[in-house]
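J.: Shown below is the structure under consideration.
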Amino acid sequence: MAKVVKVKVEKNLKKTIARAVDSLGGFSSFINKGEVVLLKPNLNTADPPPASTDVNFLRAVTELVYECGAKIVMIGDSSTMSLNTRKVMEKLNVFELEKMGTPPRIYVFDERKWINKTIPGARYLKKVSVSEFLDRADKLILLPNLKTHFAAKFTGSLKLSVGFMKPFQRVGLHFRNTQEKIAELNKVIHPALVIMDARKCFINKGPAEGEVREPGLILVSKDRLAIDVEGIKIIQSFKGNSLEGIDPWSLTQIRMAKDLAIEC
């Protein structure tokens with residue numbers, strides 16, 4: 001199993017993230033100079049963290065990726081089907097990042113091209129249309145929040161990849177076999193690194209609202225399954241959580257992802 005680093009958040013968020021990634025060899029272990037790096041946050045709705053990505057967290061990661069020599073940092077997402085992604089980004093002040101000294105390029109996936117992919121070995125989700133930016137970046141970094149999910153039970157790095165899907169295809173994903181399809185979708189998603197914002201979390205309901213607790217942590221790993229399992233354990237440490245009594249490795253999305261040999 002890949003190592004999962006858990007770091008208690010200090011006053012300086014950027015230094016905390018850097019320290020966590022340094023425990024795995026630093027950003028330069030994952031990103032080469034001159035590469036194009038895509039950051040995938042959680043901009044599903046415009047609700048405050050942990051429902052959505054904190055723009056200051058996104059800013060800190062962007063700065064750190066540029067400092068390690070990336071040529072371009074791209075930020076992209078597609079919000080939940082009932083919302084306009086551009087408006088969600090505006091409400092969350094994501095476009096304010098374009099005023100940075102070295103700004104990222106911010107993309108609304110809904111306004112760009114989709115590419116078709118066949119998922120090898122899939123039973124439930126054999127084909128999918130995903131954002132063109134998956135193939136335009138040299139490296140992908142996933143930036144999930146820590147929270148429960150009313151349909152998928154848990155949403156972490158595996159569930160975050162649903163934001164790459166063409167919106168209308170998500171109707172079928174959420175209709176039945178949701179967790180199985182989440183696992184299969186991840187066969188065509190290949191992140192170099194996962195950085196989970198676990199400063200706050202939902203311990204029930206989710207993904208847009210729920211009962212909030214504050215673990216005060218940043219988690220980092222190369223392994224999507226390992227970091228999601230650790231995230232579930234953190235949620236389970238709080239009384240009143242909706243994941244009580246569940247073996248994280250037996251959760252359908254994680255069990256299936258393991259069977260499909262999905263890690264990095």
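Letters A, B, ... mark the chains of the structure tokens in the order given; residue numbers begin at 1 per chain; ligand numbers begin at 1, in order shown.
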Extract, using only C-alpha atoms, all DNA, RNA and protein residues at most 8 Å from Cys68 of chain A, discarding same-chain residues fewer than 2 positions from it, and format them as an mmCIF file with C-alpha atoms, in the first residue's frame.
T.:
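Saved file selection_6.cif follows:
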data_model
loop_
_atom_site.group_PDB
_atom_site.id
_atom_site.type_symbol
_atom_site.label_atom_id
_atom_site.label_comp_id
_atom_site.auth_asym_id
_atom_site.auth_seq_id
_atom_site.Cartn_x
_atom_site.Cartn_y
_atom_site.Cartn_z
ATOM 1 C CA PHE A 27 6.492 18.185 -5.640
ATOM 2 C CA SER A 28 9.563 17.654 -7.811
ATOM 3 C CA ILE A 31 6.243 17.053 -11.567
ATOM 4 C CA ASN A 32 9.073 17.706 -14.012
ATOM 5 C CA LYS A 33 10.148 21.172 -15.032
ATOM 6 C CA LEU A 64 3.620 25.275 -5.039
ATOM 7 C CA VAL A 65 3.229 23.572 -8.423
ATOM 8 C CA TYR A 66 4.572 26.627 -10.233
ATOM 9 C CA ALA A 70 5.591 23.629 -13.989
#
J.: Pick out the residues sitting within 10 Å of Pro215 of chain A, and hand them over as number ranges by chain; count only C-alpha atoms, and ignore anything fewer than 2 positions along from it in its own chain.
T.: A: 8-9, 146, 197-201, 212-213, 217-218, 234-235, 237-238
J.: Write to file, as a tab-separated table (two decimals), in the first residue's frame, the residues of the selection just made, with N, CA and C atoms.
T.:
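Printed below is out.tsv as written:
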chain	number	residue	atom	x	y	z
A	8	LYS	N	-0.99	17.82	10.50
A	8	LYS	CA	-1.85	18.78	11.19
A	8	LYS	C	-1.62	20.16	10.60
A	9	VAL	N	-2.68	20.87	10.34
A	9	VAL	CA	-2.58	22.17	9.67
A	9	VAL	C	-2.03	23.23	10.61
A	146	LEU	N	-12.92	16.12	2.18
A	146	LEU	CA	-13.27	14.93	2.95
A	146	LEU	C	-14.74	15.04	3.37
A	197	ASP	N	-7.99	17.92	1.29
A	197	ASP	CA	-8.22	18.95	2.30
A	197	ASP	C	-9.17	18.37	3.35
A	198	ALA	N	-8.61	18.01	4.49
A	198	ALA	CA	-9.39	17.45	5.59
A	198	ALA	C	-9.37	18.37	6.80
A	199	ARG	N	-9.29	19.66	6.53
A	199	ARG	CA	-9.38	20.61	7.64
A	199	ARG	C	-10.78	20.55	8.25
A	200	LYS	N	-11.78	20.42	7.36
A	200	LYS	CA	-13.16	20.21	7.77
A	200	LYS	C	-13.69	18.99	7.03
A	201	CYS	N	-14.74	18.39	7.56
A	201	CYS	CA	-15.37	17.26	6.86
A	201	CYS	C	-16.84	17.19	7.21
A	212	VAL	N	-20.80	19.14	10.23
A	212	VAL	CA	-19.38	19.46	10.04
A	212	VAL	C	-18.56	19.15	11.29
A	213	ARG	N	-17.40	18.55	11.07
A	213	ARG	CA	-16.39	18.40	12.11
A	213	ARG	C	-15.07	18.94	11.55
A	217	LEU	N	-6.65	18.53	9.20
A	217	LEU	CA	-5.58	17.77	8.57
A	217	LEU	C	-5.48	18.04	7.07
A	218	ILE	N	-4.29	17.82	6.54
A	218	ILE	CA	-4.04	17.69	5.11
A	218	ILE	C	-3.51	16.28	4.89
A	234	ILE	N	-11.06	8.67	9.37
A	234	ILE	CA	-11.15	9.96	10.08
A	234	ILE	C	-12.60	10.31	10.36
A	235	ILE	N	-13.45	10.16	9.34
A	235	ILE	CA	-14.88	10.42	9.54
A	235	ILE	C	-15.45	9.50	10.61
A	237	SER	N	-14.13	8.42	13.15
A	237	SER	CA	-13.66	8.76	14.49
A	237	SER	C	-14.59	9.73	15.22
A	238	PHE	N	-15.56	10.29	14.49
A	238	PHE	CA	-16.48	11.24	15.08
A	238	PHE	C	-17.84	10.59	15.35
J.: Set the distance at 7 Å and use only C-alpha atoms: which residues neighbour Leu97 of chain A once local chain neighbours fewer than 4 positions away are removed? I'd like the list as a CSV table (one decimal) with C-alpha atoms, in the first residue's frame.
T.:
chain,number,residue,atom,x,y,z
A,59,ARG,CA,-4.2,29.1,-4.5
A,103,PRO,CA,-1.8,32.8,-12.9
A,104,PRO,CA,-3.3,29.4,-13.6
J.: Quick one: pull the distance between atom CA of Gln169 of chain A and atom CA of Ala122 of chain A, Å, one decimal.
T.: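 Taking atom CA of Gln169 of chain A as the start and atom CA of Ala122 of chain A as the end point, the length is 15.7 Å.
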J.: Have a look at A:Arg19, A:Lys6, A:Arg86, A:Lys126 and name the one nearest to Leu43 of chain A; count only C-alpha atoms.
T.: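 Result for the nearest residue to Leu43 of chain A: A:Arg86.
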J.: Select, from A:Leu140, A:Leu58, A:Met89, A:Leu24, the residue with the minimum atom-to-atom distance to Val36 of chain A, counting only C-alpha atoms.
T.: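 For Val36 of chain A, the nearest of the given residues is A:Leu140.
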J.: So what do you get for atom CA of Val188 of chain A versus atom CA of Phe202 of chain A, distance-wise?
T.: 27.7 Å
J.: Can you work out which one of A:Gly210, A:Gly216, A:Gly121, A:Gly156 has the shortest atom-to-atom distance to Glu184 of chain A, counting only C-alpha atoms?
T.: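 Among the listed residues, the smallest separation from Glu184 of chain A belongs to A:Gly121.
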J.: For Leu13 of chain A, list every protein, DNA or RNA residue within 9 Å, evaluated using only C-alpha atoms, and leave out those in the same chain fewer than 6 positions away; present the list as a PDB file with N, CA and C atoms, in the first residue's frame.
T.:
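Output (result12.pdb):
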ATOM      1  N   ASN A  56      -8.426  29.408  -1.177  1.00  0.00           N
ATOM      2  CA  ASN A  56      -7.082  29.627  -0.630  1.00  0.00           C
ATOM      3  C   ASN A  56      -6.245  28.349  -0.683  1.00  0.00           C
ATOM      4  N   PHE A  57      -6.903  27.221  -0.500  1.00  0.00           N
ATOM      5  CA  PHE A  57      -6.235  25.927  -0.665  1.00  0.00           C
ATOM      6  C   PHE A  57      -5.800  25.755  -2.117  1.00  0.00           C
ATOM      7  N   ALA A  60      -2.815  27.989  -2.855  1.00  0.00           N
ATOM      8  CA  ALA A  60      -1.566  27.483  -2.275  1.00  0.00           C
ATOM      9  C   ALA A  60      -0.981  26.354  -3.128  1.00  0.00           C
TER      10      ALA A  60
END
